[in-house]
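Undergrad: final21.txt is reproduced in full below (compact mmCIF, C-alpha atoms).
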# COMPACT_ATOMS: atom_id res chain seq x y z
CA MET A 235 0.00 0.00 0.00
CA LYS A 236 1.34 3.40 -0.95
CA ASN A 237 2.19 6.06 1.57
CA THR A 238 -0.72 8.29 2.51
CA LEU A 239 -1.05 11.31 4.72
CA ALA A 240 -4.49 10.02 5.59
CA ARG A 241 -4.02 10.69 9.30
CA LEU A 242 -5.89 7.63 10.45
CA ARG A 243 -8.15 7.98 7.52
CA LYS A 244 -7.97 4.59 5.83
CA PHE A 245 -9.18 1.32 7.09
CA ASN A 246 -9.40 -1.73 4.89
CA LYS A 247 -8.86 0.64 1.94
CA VAL A 248 -12.51 1.64 1.99
CA ILE A 249 -13.89 2.63 5.40
CA TRP A 250 -12.91 5.93 6.98
CA LEU A 251 -12.57 6.61 10.66
CA SER A 252 -14.13 9.66 12.29
CA LEU A 253 -10.87 10.96 13.61
CA PRO A 254 -9.23 14.33 13.39
CA VAL A 255 -7.34 14.80 10.34
CA VAL A 256 -4.61 16.72 11.92
CA LEU A 257 -3.07 17.96 15.04
CA SER A 258 -5.18 21.02 14.61
CA ILE A 259 -8.37 19.02 14.71
CA LEU A 260 -7.60 18.60 18.39
CA LEU A 261 -8.26 22.30 18.59
CA ILE A 262 -11.59 23.10 20.02
CA ARG A 263 -11.64 26.83 19.49
CA MET A 264 -13.45 27.90 16.37
CA GLN A 265 -12.87 31.39 15.12
CA SER A 266 -14.39 33.37 12.29
CA PHE A 267 -12.41 35.64 10.07
CA ALA A 268 -15.37 37.95 9.79
CA HIS A 269 -13.68 40.43 12.10
CA GLN A 270 -11.00 41.02 9.47
CA GLU A 271 -13.39 43.10 7.41
CA LEU A 272 -12.50 44.47 4.04
CA SER A 273 -13.64 47.84 2.75
CA PRO A 274 -15.98 48.78 1.10
CA PRO A 275 -18.76 46.68 2.68
CA GLU A 276 -19.64 44.81 -0.52
CA CYS A 277 -16.16 43.23 -0.43
CA ARG A 278 -16.66 41.66 2.97
CA VAL A 279 -17.19 38.00 3.71
CA LYS A 280 -20.90 37.90 2.79
CA LYS A 281 -19.98 38.54 -0.83
CA TRP A 282 -18.49 35.05 -0.89
CA ASP A 283 -21.53 33.32 0.59
CA ILE A 284 -23.99 31.43 -1.59
CA PRO A 285 -26.06 34.09 -3.41
CA VAL A 286 -29.54 34.41 -1.94
CA SER A 287 -31.84 34.38 -4.96
CA LEU A 288 -34.75 33.13 -2.88
CA THR A 289 -35.72 33.89 0.66
CA ALA A 290 -33.41 32.26 3.14
CA GLU A 291 -36.11 29.80 4.21
CA ASN A 292 -36.95 28.82 0.63
CA GLN A 293 -33.30 28.43 -0.29
CA ASN A 294 -32.70 26.24 2.73
CA ALA A 295 -35.68 24.10 1.82
CA PHE A 296 -34.50 23.82 -1.79
CA ILE A 297 -30.99 22.73 -0.78
CA GLN A 298 -32.30 20.17 1.70
CA LYS A 299 -34.90 18.80 -0.73
CA GLN A 300 -32.35 18.43 -3.51
CA LYS A 301 -29.70 17.18 -1.09
CA ALA A 302 -27.45 19.67 -2.82
CA VAL A 303 -23.78 19.71 -1.87
CA LEU A 304 -22.46 22.11 -4.51
CA ILE A 305 -24.34 25.11 -5.89
CA GLN A 306 -23.42 26.54 -9.30
CA ARG A 307 -22.63 30.25 -9.38
CA LEU A 308 -20.58 32.79 -11.30
CA PRO A 309 -17.07 33.63 -10.11
CA VAL A 310 -16.80 36.42 -7.56
CA THR A 311 -15.76 39.73 -9.10
CA CYS A 312 -12.90 41.26 -7.15
CA CYS A 313 -13.35 44.65 -5.59
CA GLN A 314 -10.70 47.21 -6.46
CA GLY A 315 -7.93 47.03 -3.91
CA ASP A 316 -9.16 43.74 -2.42
CA THR A 317 -5.95 41.74 -2.69
CA SER A 318 -7.44 38.91 -0.61
CA CYS A 319 -9.64 38.12 -3.61
CA LEU A 320 -6.56 37.14 -5.63
CA ASP A 321 -4.02 34.34 -5.31
CA GLU A 322 -1.17 36.84 -5.36
CA VAL A 323 1.61 34.48 -4.25
CA LEU A 324 1.45 32.85 -7.68
CA TYR A 325 3.10 35.98 -9.06
CA GLY A 326 4.97 37.23 -6.00
CA GLU A 327 8.66 37.84 -5.39
CA ILE A 328 9.06 34.08 -5.00
CA PRO A 329 6.47 32.83 -7.51
CA ASP A 330 4.44 29.81 -6.41
CA LYS A 331 3.40 28.79 -9.91
CA LYS A 332 5.74 25.82 -10.01
CA ALA A 333 4.17 24.20 -6.94
CA LEU A 334 0.65 24.66 -8.28
CA VAL A 335 1.60 23.36 -11.73
CA SER A 336 3.12 20.29 -10.06
CA ALA A 337 -0.04 19.70 -8.02
CA ILE A 338 -2.16 20.05 -11.17
CA ALA A 339 0.00 17.49 -12.98
CA ARG A 340 -0.55 15.02 -10.15
CA SER A 341 -4.31 15.47 -10.29
CA LEU A 342 -4.26 15.04 -14.08
CA GLN A 343 -2.32 11.83 -13.56
CA TYR A 344 -4.93 10.58 -11.09
CA LEU A 345 -7.87 11.51 -13.32
CA GLN A 346 -6.60 9.10 -15.97
CA THR A 347 -6.65 6.11 -13.61
CA ALA A 348 -9.26 3.40 -13.17
CA ASN A 349 -9.77 4.62 -9.60
CA ALA A 350 -10.82 8.02 -10.91
CA VAL A 351 -13.18 6.45 -13.45
CA ALA A 352 -14.83 4.51 -10.64
CA ALA A 353 -14.95 7.53 -8.30
CA TYR A 354 -16.77 9.69 -10.84
CA GLN A 355 -19.07 7.00 -12.19
CA ASN A 356 -21.74 7.66 -9.60
CA TYR A 357 -20.74 11.14 -8.46
CA GLN A 358 -23.81 12.87 -7.07
CA VAL A 359 -23.44 16.22 -8.89
CA ALA A 360 -24.53 15.30 -12.39
CA GLU A 361 -22.82 18.25 -14.06
CA ILE A 362 -19.40 17.32 -12.68
CA LYS A 363 -17.90 14.59 -14.85
CA ARG A 364 -14.36 13.24 -14.80
CA ASP A 365 -13.68 14.38 -18.37
CA HIS A 366 -14.99 17.85 -17.53
CA VAL A 367 -12.75 18.07 -14.46
CA PHE A 368 -9.79 16.90 -16.57
CA LYS A 369 -10.38 19.46 -19.33
CA SER A 370 -10.94 22.22 -16.78
CA LEU A 371 -7.62 21.46 -15.11
CA LYS A 372 -5.76 21.50 -18.42
CA ARG A 373 -7.27 24.83 -19.42
CA PHE A 374 -6.58 26.36 -16.01
CA ARG A 375 -2.95 25.26 -16.34
CA GLU A 376 -2.72 26.97 -19.72
CA LEU A 377 -4.11 30.19 -18.25
CA LEU A 378 -1.82 29.95 -15.25
CA LEU A 379 1.28 29.62 -17.43
CA LYS A 380 0.46 32.43 -19.84
CA THR A 381 -0.91 35.08 -17.47
CA ASN A 382 1.40 37.60 -15.83
CA SER A 383 -0.60 38.71 -12.80
CA ALA A 384 -3.15 37.42 -10.32
CA THR A 385 -5.66 39.94 -11.65
CA GLU A 386 -5.18 38.73 -15.22
CA LEU A 387 -5.69 35.11 -14.13
CA HIS A 388 -8.80 35.99 -12.13
CA GLN A 389 -10.31 37.87 -15.06
CA ALA A 390 -9.68 34.89 -17.35
CA ILE A 391 -11.42 32.62 -14.86
CA GLU A 392 -14.42 34.98 -14.76
CA ARG A 393 -14.70 34.68 -18.55
CA GLU A 394 -14.21 30.95 -18.93
CA PHE A 395 -15.22 29.19 -15.72
CA VAL A 396 -18.20 28.65 -13.48
CA LEU A 397 -17.91 27.90 -9.78
CA TYR A 398 -19.57 25.15 -7.79
CA GLN A 399 -19.71 26.35 -4.21
CA SER A 400 -19.99 24.04 -1.23
CA VAL A 401 -23.19 24.62 0.71
CA GLY A 402 -21.04 24.44 3.82
CA LYS A 403 -22.25 23.61 7.29
CA ASP A 404 -25.10 26.13 7.22
CA ASN A 405 -26.37 25.96 3.61
CA LYS A 406 -24.95 29.46 3.17
CA GLY A 407 -21.45 28.39 2.18
CA SER A 408 -19.66 28.57 5.54
CA VAL A 409 -16.87 25.98 5.73
CA LEU A 410 -14.65 25.23 8.73
CA PHE A 411 -10.97 25.10 7.80
CA THR A 412 -8.25 23.34 9.76
CA ALA A 413 -4.74 22.41 8.62
CA TYR A 414 -2.41 19.44 8.78
CA TYR A 415 1.24 18.74 8.10
CA GLU A 416 3.97 16.09 8.03
CA PRO A 417 5.90 16.15 11.33
CA LEU A 418 9.66 15.63 11.60
CA TYR A 419 10.83 13.54 14.56
CA ALA A 420 14.05 11.95 15.77
CA ALA A 421 13.75 8.16 15.70
CA SER A 422 15.80 4.97 15.74
CA ARG A 423 15.57 1.65 13.94
CA VAL A 424 16.52 -0.16 17.14
CA PRO A 425 15.39 0.35 20.73
CA THR A 426 17.84 2.04 23.11
CA PRO A 427 17.52 3.54 26.58
CA GLU A 428 16.89 6.85 24.78
CA TYR A 429 14.53 5.58 22.06
CA ARG A 430 11.85 3.53 23.83
CA TYR A 431 8.44 4.26 22.31
CA PRO A 432 7.65 2.28 19.15
CA VAL A 433 5.37 2.61 16.17
CA TYR A 434 4.29 -0.64 14.53
CA ARG A 435 3.92 -2.33 11.17
CA LEU A 436 0.53 -3.53 9.98
CA PRO A 437 -0.15 -6.97 11.49
CA PRO A 438 -0.27 -9.44 8.57
CA ASP A 439 -3.20 -11.23 10.22
CA LEU A 440 -5.18 -8.10 11.10
CA ASN A 441 -8.15 -9.16 8.99
CA PHE A 442 -8.39 -12.34 11.05
CA TRP A 443 -8.33 -10.64 14.43
CA SER A 444 -11.52 -11.12 16.42
CA LYS A 445 -13.87 -8.16 16.45
CA PRO A 446 -14.04 -5.74 18.02
CA HIS A 447 -10.28 -5.39 17.65
CA PRO A 448 -8.11 -4.67 20.70
CA THR A 449 -8.10 -1.04 21.76
CA ARG A 450 -5.03 1.17 22.04
CA LEU A 451 -4.80 0.40 25.75
CA GLU A 452 -4.99 -3.35 25.10
CA LEU A 453 -2.39 -3.16 22.32
CA GLU A 454 0.33 -1.01 23.87
CA GLY A 455 -0.60 -0.52 27.53
CA ALA A 456 -1.14 2.72 29.40
CA ASP A 457 2.53 3.69 29.15
CA GLY A 458 2.90 2.78 25.47
CA LEU A 459 5.61 0.21 26.26
CA GLN A 460 3.68 -3.06 26.51
CA GLY A 461 3.22 -3.89 22.83
CA ALA A 462 5.85 -6.66 22.85
CA LYS A 463 3.75 -8.60 25.36
CA GLY A 464 0.82 -9.09 23.01
CA LYS A 465 -0.29 -8.97 19.39
CA LEU A 466 2.29 -6.32 18.45
CA ARG A 467 5.31 -8.41 19.35
CA GLY A 468 7.89 -8.32 16.56
CA LEU A 469 6.02 -5.63 14.60
CA GLU A 470 8.05 -2.69 15.92
CA LEU A 471 9.09 -0.41 13.04
CA PHE A 472 10.83 2.60 14.66
CA TRP A 473 11.37 3.86 18.19
CA PHE A 474 10.88 7.43 19.44
CA ARG A 475 12.25 9.30 22.46
CA ASP A 476 9.02 10.95 23.53
CA ARG A 477 5.76 9.25 24.52
CA LEU A 478 3.72 11.84 22.67
CA GLU A 479 5.53 11.72 19.32
CA PRO A 480 4.41 8.30 18.05
CA TYR A 481 0.87 9.22 19.08
CA LEU A 482 0.99 12.49 17.14
CA ALA A 483 2.44 10.64 14.16
CA GLN A 484 -0.63 8.41 14.29
CA ILE A 485 -2.91 11.44 14.26
CA GLU A 486 -1.10 12.89 11.25
CA GLY A 487 -0.89 9.49 9.54
CA SER A 488 2.74 9.98 8.50
CA ALA A 489 6.03 11.46 9.61
CA ARG A 490 9.52 12.22 8.39
CA LEU A 491 12.15 10.68 10.65
CA GLN A 492 15.66 11.89 11.43
CA LEU A 493 17.81 8.85 12.27
CA PRO A 494 20.86 8.86 14.57
CA ASN A 495 23.25 8.31 11.64
CA GLY A 496 22.12 11.56 10.03
CA THR A 497 19.90 10.06 7.36
CA GLN A 498 16.16 10.57 6.98
CA THR A 499 13.30 8.30 6.07
CA THR A 500 9.53 8.49 6.10
CA ILE A 501 6.68 6.44 7.46
CA GLY A 502 3.12 6.44 6.18
CA TYR A 503 -0.26 5.08 7.06
CA ALA A 504 -0.76 1.32 6.58
CA GLY A 505 -3.94 0.53 8.51
CA ASN A 506 -5.73 0.86 11.84
CA ASN A 507 -7.70 -1.03 14.46
CA ALA A 508 -11.09 0.33 13.32
CA TYR A 509 -11.97 2.53 16.28
CA ASN A 510 -13.10 6.14 16.09
CA TYR A 511 -10.65 8.72 17.35
CA LYS A 512 -11.23 10.47 20.67
CA SER A 513 -9.63 13.90 21.05
CA ILE A 514 -7.28 14.22 24.01
CA GLY A 515 -7.76 17.98 23.78
CA ARG A 516 -11.49 17.53 24.27
CA GLU A 517 -10.82 15.16 27.16
CA LEU A 518 -8.66 17.76 28.89
CA VAL A 519 -11.49 20.27 28.57
CA ASN A 520 -14.07 17.78 29.80
CA ASP A 521 -11.93 17.14 32.89
CA GLY A 522 -11.55 20.83 33.58
CA LYS A 523 -7.80 20.77 32.94
CA LEU A 524 -8.02 23.37 30.17
CA PRO A 525 -10.63 26.00 29.30
CA LEU A 526 -12.62 25.56 26.12
CA GLU A 527 -12.18 29.18 25.14
CA GLY A 528 -9.00 29.86 23.22
CA ILE A 529 -7.58 26.33 23.29
CA THR A 530 -5.05 25.55 20.56
CA MET A 531 -2.68 22.71 19.81
CA PRO A 532 0.32 24.57 21.26
CA ILE A 533 -1.63 24.99 24.51
CA ILE A 534 -2.40 21.27 24.59
CA LEU A 535 1.25 20.39 23.96
CA ASN A 536 2.38 22.85 26.61
CA TYR A 537 0.04 21.23 29.12
CA PHE A 538 1.60 17.80 28.55
CA GLN A 539 5.12 19.23 28.70
CA LYS A 540 4.26 20.41 32.20
CA HIS A 541 2.38 17.23 33.13
CA PRO A 542 4.05 14.39 31.15
CA GLN A 543 2.76 11.77 33.58
CA GLU A 544 -0.77 12.51 32.38
CA LEU A 545 0.00 11.27 28.88
CA ASN A 546 -0.53 7.77 30.28
CA ILE A 547 -4.00 8.85 31.36
CA TYR A 548 -5.19 10.66 28.26
CA ILE A 549 -3.58 8.82 25.34
CA PRO A 550 -5.16 5.48 26.34
CA ARG A 551 -8.59 7.10 26.26
CA ASP A 552 -8.24 7.20 22.50
CA ARG A 553 -9.04 3.62 21.48
CA SER A 554 -7.95 4.14 17.86
CA PHE A 555 -4.52 2.90 16.81
CA VAL A 556 -2.61 3.31 13.53
CA PHE A 557 -0.05 1.03 11.89
CA PHE A 558 2.71 2.29 9.60
CA GLN A 559 4.94 1.30 6.74
CA GLU A 560 8.34 2.71 5.86
CA ASN A 561 8.26 4.80 2.71
CA HIS A 562 12.01 5.44 2.40
CA GLY A 563 11.81 9.20 1.99
CA GLU A 564 8.93 9.27 -0.46
CA PRO A 565 6.79 12.42 -0.13
CA ALA A 566 3.56 12.25 1.81
CA GLN A 567 0.62 11.09 -0.27
CA GLY A 568 -3.08 11.69 -0.01
CA PHE A 569 -6.19 9.65 -0.61
CA ILE A 570 -5.90 9.69 -4.41
CA ASN A 571 -2.38 8.25 -4.14
CA VAL A 572 -0.45 11.24 -5.44
CA PRO A 573 2.09 13.30 -3.47
CA LEU A 574 0.62 16.23 -1.59
CA THR A 575 1.84 19.76 -2.28
CA ALA A 576 2.34 22.21 0.56
CA GLU A 577 -0.34 24.93 0.52
CA ARG A 578 -1.80 23.51 -2.72
CA SER A 579 -3.51 20.30 -1.52
CA ILE A 580 -6.67 19.99 0.54
CA ALA A 581 -8.63 17.19 2.18
CA THR A 582 -12.42 17.02 1.96
CA ASP A 583 -15.15 14.45 2.44
CA LYS A 584 -14.67 12.27 -0.63
CA SER A 585 -18.18 10.87 -0.38
CA LEU A 586 -19.29 14.38 -1.34
CA MET A 587 -16.51 16.31 -3.09
CA PRO A 588 -14.87 15.62 -6.49
CA PRO A 589 -11.45 13.94 -6.09
CA GLY A 590 -8.53 15.54 -7.87
CA ALA A 591 -10.56 18.59 -8.87
CA LEU A 592 -9.38 22.19 -8.97
CA ALA A 593 -10.75 24.30 -6.13
CA LEU A 594 -10.53 27.81 -4.77
CA ILE A 595 -10.47 28.30 -1.02
CA ARG A 596 -10.92 31.57 0.80
CA THR A 597 -10.22 31.64 4.51
CA SER A 598 -8.00 33.04 7.23
CA ILE A 599 -4.57 31.38 7.43
CA PRO A 600 -1.79 32.06 9.96
CA PHE A 601 1.57 33.24 8.61
CA VAL A 602 4.85 34.07 10.33
CA ASN A 603 5.62 37.77 9.89
CA PRO A 604 9.17 39.22 9.60
CA THR A 605 9.37 39.60 13.38
CA GLY A 606 8.72 35.87 13.85
CA LYS A 607 5.22 36.30 15.22
CA MET A 608 2.14 34.52 13.89
CA GLU A 609 -0.50 36.65 12.22
CA GLU A 610 -3.64 35.74 10.32
CA ARG A 611 -4.47 36.90 6.82
CA ILE A 612 -7.54 36.31 4.70
CA VAL A 613 -6.33 34.65 1.51
CA SER A 614 -7.65 33.08 -1.67
CA ARG A 615 -5.75 30.03 -2.90
CA TYR A 616 -6.16 27.73 -5.89
CA VAL A 617 -5.78 24.17 -4.61
CA LEU A 618 -6.27 20.56 -5.66
CA ASP A 619 -8.64 18.27 -3.79
CA GLN A 620 -6.31 15.32 -3.25
CA ASP A 621 -7.00 13.97 0.23
CA THR A 622 -9.64 13.13 2.80
CA GLY A 623 -9.91 12.45 6.51
CA GLY A 624 -12.01 10.72 9.11
CA ALA A 625 -12.94 13.98 10.83
CA ILE A 626 -13.47 15.74 7.52
CA LYS A 627 -17.15 14.95 7.19
CA GLY A 628 -19.83 16.84 5.36
CA ALA A 629 -19.85 19.83 3.06
CA GLY A 630 -18.64 22.17 5.79
CA ARG A 631 -15.10 20.86 6.41
CA VAL A 632 -11.74 21.34 4.68
CA ASP A 633 -8.25 20.41 5.86
CA TYR A 634 -5.38 22.38 4.31
CA PHE A 635 -1.96 20.74 3.88
CA LEU A 636 0.83 23.06 5.06
CA GLY A 637 3.92 20.95 4.39
CA THR A 638 6.63 19.33 6.50
CA GLY A 639 8.39 20.24 9.74
CA LYS A 640 8.06 22.48 12.77
CA LEU A 641 6.96 25.71 11.10
CA ALA A 642 4.22 23.89 9.18
CA GLY A 643 3.20 22.23 12.44
CA ASP A 644 3.14 25.52 14.34
CA ARG A 645 0.87 27.02 11.71
CA ALA A 646 -1.34 23.94 11.46
CA GLY A 647 -1.77 23.94 15.22
CA VAL A 648 -3.49 27.32 15.21
CA THR A 649 -5.43 27.06 11.95
CA VAL A 650 -9.13 27.09 12.74
CA SER A 651 -11.30 29.49 10.77
CA ASN A 652 -14.43 29.77 8.68
CA GLY A 653 -14.28 30.35 4.95
CA GLN A 654 -15.62 29.23 1.59
CA LEU A 655 -14.87 26.41 -0.85
CA PHE A 656 -15.43 26.55 -4.62
CA TYR A 657 -14.71 24.10 -7.45
CA LEU A 658 -13.75 25.54 -10.85
CA LEU A 659 -15.14 24.06 -14.06
CA LEU A 660 -15.11 25.33 -17.63
CA LYS A 661 -18.34 26.87 -18.85
Starting from the coordinates I provided, produce the structure as structure tokens.
TA:
Amino acid sequence: MKNTLARLRKFNKVIWLSLPVVLSILLIRMQSFAHQELSPPECRVKKWDIPVSLTAENQNAFIQKQKAVLIQRLPVTCCQGDTSCLDEVLYGEIPDKKALVSAIARSLQYLQTANAVAAYQNYQVAEIKRDHVFKSLKRFRELLLKTNSATELHQAIEREFVLYQSVGKDNKGSVLFTAYYEPLYAASRVPTPEYRYPVYRLPPDLNFWSKPHPTRLELEGADGLQGAKGKLRGLELFWFRDRLEPYLAQIEGSARLQLPNGTQTTIGYAGNNAYNYKSIGRELVNDGKLPLEGITMPIILNYFQKHPQELNIYIPRDRSFVFFQENHGEPAQGFINVPLTAERSIATDKSLMPPGALALIRTSIPFVNPTGKMEERIVSRYVLDQDTGGAIKGAGRVDYFLGTGKLAGDRAGVTVSNGQLFYLLLK
């Protein structure tokens, strides 16, 4: 099985667990970017909502009756001076065109596979066909390569494309965005007094295990060190120094590993024990250890740095458990089995959204400013829908891939905002 950054997403290649796609899904705080208003008023967030052609009640009834997931609309016309309407980094001082072109090529590759044919055969939005998605991607790539500014590209899209907007979580287009990344950890191929906490290969007889499968606690014990006494004996793949790191790698579904000899390798998702994920962040809130208001992943990690003994209390409460395979440095892959591209790949509910398709997201994303501090900016980004996740359910959820390493993790850990999701198709 190929590497996937499914973050506990796959099980038996078909069924998907309801577990957070990313470290940031452990976040409980939900923030809106509505406070970052643009001027004039017609350029503010509501402009990006689903157009209200009927009364709100009638529109709601229509969407529910039709079981609509995507609503066709014209592209949003940018207001003068509204740079958040444009994907400006494509033409910035360090142009990002190459990354987007690479991501497009990977989606085009996927769309020519038998898996793509099967995925689109019964896709619920009749107007969205695999061939149409393929042709739309090719034309967008042509426009991307020949235009010289974000404004020029946007104007070309207004002329040639229609948008299919997600109805979101409220039938008005509001989508909750989180982010995920590929962590980088120190690890060893052999156990030592320093490297004690293992991750495990997929048991070859997993399909023959009695059901329900053993829980996390039953597999590895409360301290994460008892796996060799049971079904996991001999399946150890790598060892980590910190109790929390192999657990976080399971949440992310993959990791890049720095080995003691200076080399690096990667591990990716191989399977799981078929339990739904339980958030340790939510458990801390339920126990009154942390306040619900303002909780972020860095706050959760800081709590366990101060109270490491409590890891043996909270990690076992999550019954889900992920198995890995070594991928020998290969880049992280998503659900459609193509490498993910930092800031150009997203994860959505693949029972609803078109795999491999070109999308436009608009939301608030944290960036590190020149002083080293994190600040949020409303941005529009062209992305490819190349992944999914157990906690990414419904039309109102998107997970945004931010890349590899600490900075990507720091940003992912505080990414929680509302925005909009659009798919681009040729007229």
Undergrad: Quick check, in Å to one decimal: how far apart do CA of Ala646 (chain A) and CA of Glu416 (chain A) lie?
TA: 10.1 Å
Undergrad: Give me the residues near region 347-360 of chain A as a PyMOL selection string, where near means some atom within 9 Å (using all atoms listed in the file) and where sequence neighbours in that chain fewer than 6 positions away do not count.
TA: chain A and resi 302-304+570+585-590
Undergrad: Using all atoms listed in the file, which of A:Lys661, A:Lys372, A:Lys331, A:Arg596 sits nearest Leu410 (chain A)?
TA: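 The shortest atom-to-atom distance to Leu410 (chain A) comes from A:Arg596.
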Undergrad: To one decimal place in Å, what is the distance between CA of Thr412 (chain A) and CA of Gly647 (chain A)?
TA: 8.5 Å
Undergrad: Please list as a PDB file with C-alpha atoms, keeping the file's coordinate frame every residue within 8 Å of region 496-499 of chain A, counting only C-alpha atoms and excluding residues in the same chain fewer than 6 positions away.
TA:
ATOM      1  CA  ARG A 490       9.520  12.220   8.390  1.00  0.00           C
ATOM      2  CA  GLU A 560       8.340   2.710   5.860  1.00  0.00           C
ATOM      3  CA  ASN A 561       8.260   4.800   2.710  1.00  0.00           C
ATOM      4  CA  HIS A 562      12.010   5.440   2.400  1.00  0.00           C
ATOM      5  CA  GLY A 563      11.810   9.200   1.990  1.00  0.00           C
ATOM      6  CA  GLU A 564       8.930   9.270  -0.460  1.00  0.00           C
TER       7      GLU A 564
END
Undergrad: Taking only residues of region 404-499 of chain A that have an atom at most 8 Å from an atom of region 548-555 of chain A, what is each one's shortest atom pair and its distance in Å to one decimal, using only C-alpha atoms, in chain and number order, as a Markdown table?
TA:
| residue | atom | partner | partner_atom | distance |
| --- | --- | --- | --- | --- |
| A:Thr449 | CA | A:Arg553 | CA | 4.8 |
| A:Arg450 | CA | A:Arg553 | CA | 4.7 |
| A:Leu451 | CA | A:Pro550 | CA | 5.1 |
| A:Gly455 | CA | A:Pro550 | CA | 7.6 |
| A:Ala456 | CA | A:Pro550 | CA | 5.8 |
| A:Tyr481 | CA | A:Ile549 | CA | 7.7 |
| A:Gln484 | CA | A:Phe555 | CA | 7.2 |
Undergrad: Set the distance at 7 Å and use all atoms listed in the file: which residues neighbour Tyr429 (chain A) once local chain neighbours fewer than 2 positions away are removed? I'd like the list as a PyMOL selection string.
TA: chain A and resi 421-422+425-427+431+473-475
Undergrad: Separation of CA of Leu342 (chain A) and CA of Ala591 (chain A), in Å?
TA: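 Interatomic distance, CA of Leu342 (chain A) to CA of Ala591 (chain A): 8.9 Å.
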Undergrad: Point out the residue among A:Pro532, A:Arg307, A:Glu610, A:Asp457 with the least atom-to-atom distance to Glu544 (chain A), counting only C-alpha atoms.
TA: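 Answer, going by the shortest atom-to-atom distance: A:Asp457.
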Undergrad: Closest to Ala390 (chain A) among A:Thr597, A:Arg615, A:Gly458, A:Leu660, using only C-alpha atoms?
TA: A:Leu660
Undergrad: In file coordinates, which residues lie within 10 Å of (1.2, 35.8, -14.9) using all atoms listed in the file, given as an NGL selection string?
TA: :A and (322 or 324-326 or 329 or 331 or 377-387)
Undergrad: Counting all atoms listed in the file, which of A:Lys281, A:Arg364, A:Lys332, A:Arg340 gets nearest to Gly568 (chain A)?
TA: A:Arg340
Undergrad: Tell me which of A:Cys312, A:Arg375, A:Arg477, A:Gln343 sits closest to Gln389 (chain A), counting all atoms listed in the file.
TA: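 Ranked by minimum distance to Gln389 (chain A), first place goes to A:Cys312.
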Undergrad: Which neighbours of Ala337 (chain A) fall inside 8 Å, counting all atoms listed in the file, when residues of the same chain fewer than 3 positions from it are skipped, and could you give them as a list in words?
TA: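 That gives Ala333, Leu334, Arg340, Ser341, Leu574, Thr575, Arg578, Ser579 and Leu618 of chain A.
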Undergrad: Determine, counting all atoms listed in the file, which protein, DNA and RNA residues have an atom within 12 Å of an atom of Gly606 (chain A); residues of the same chain fewer than 5 positions away are not included. Present the result as a compact mmCIF listing (two decimals) with C-alpha atoms, in the coordinates of the input.
TA:
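What ended up in around.txt:
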# COMPACT_ATOMS: atom_id res chain seq x y z
CA PRO A 600 -1.79 32.06 9.96
CA PHE A 601 1.57 33.24 8.61
CA LEU A 641 6.96 25.71 11.10
CA ASP A 644 3.14 25.52 14.34
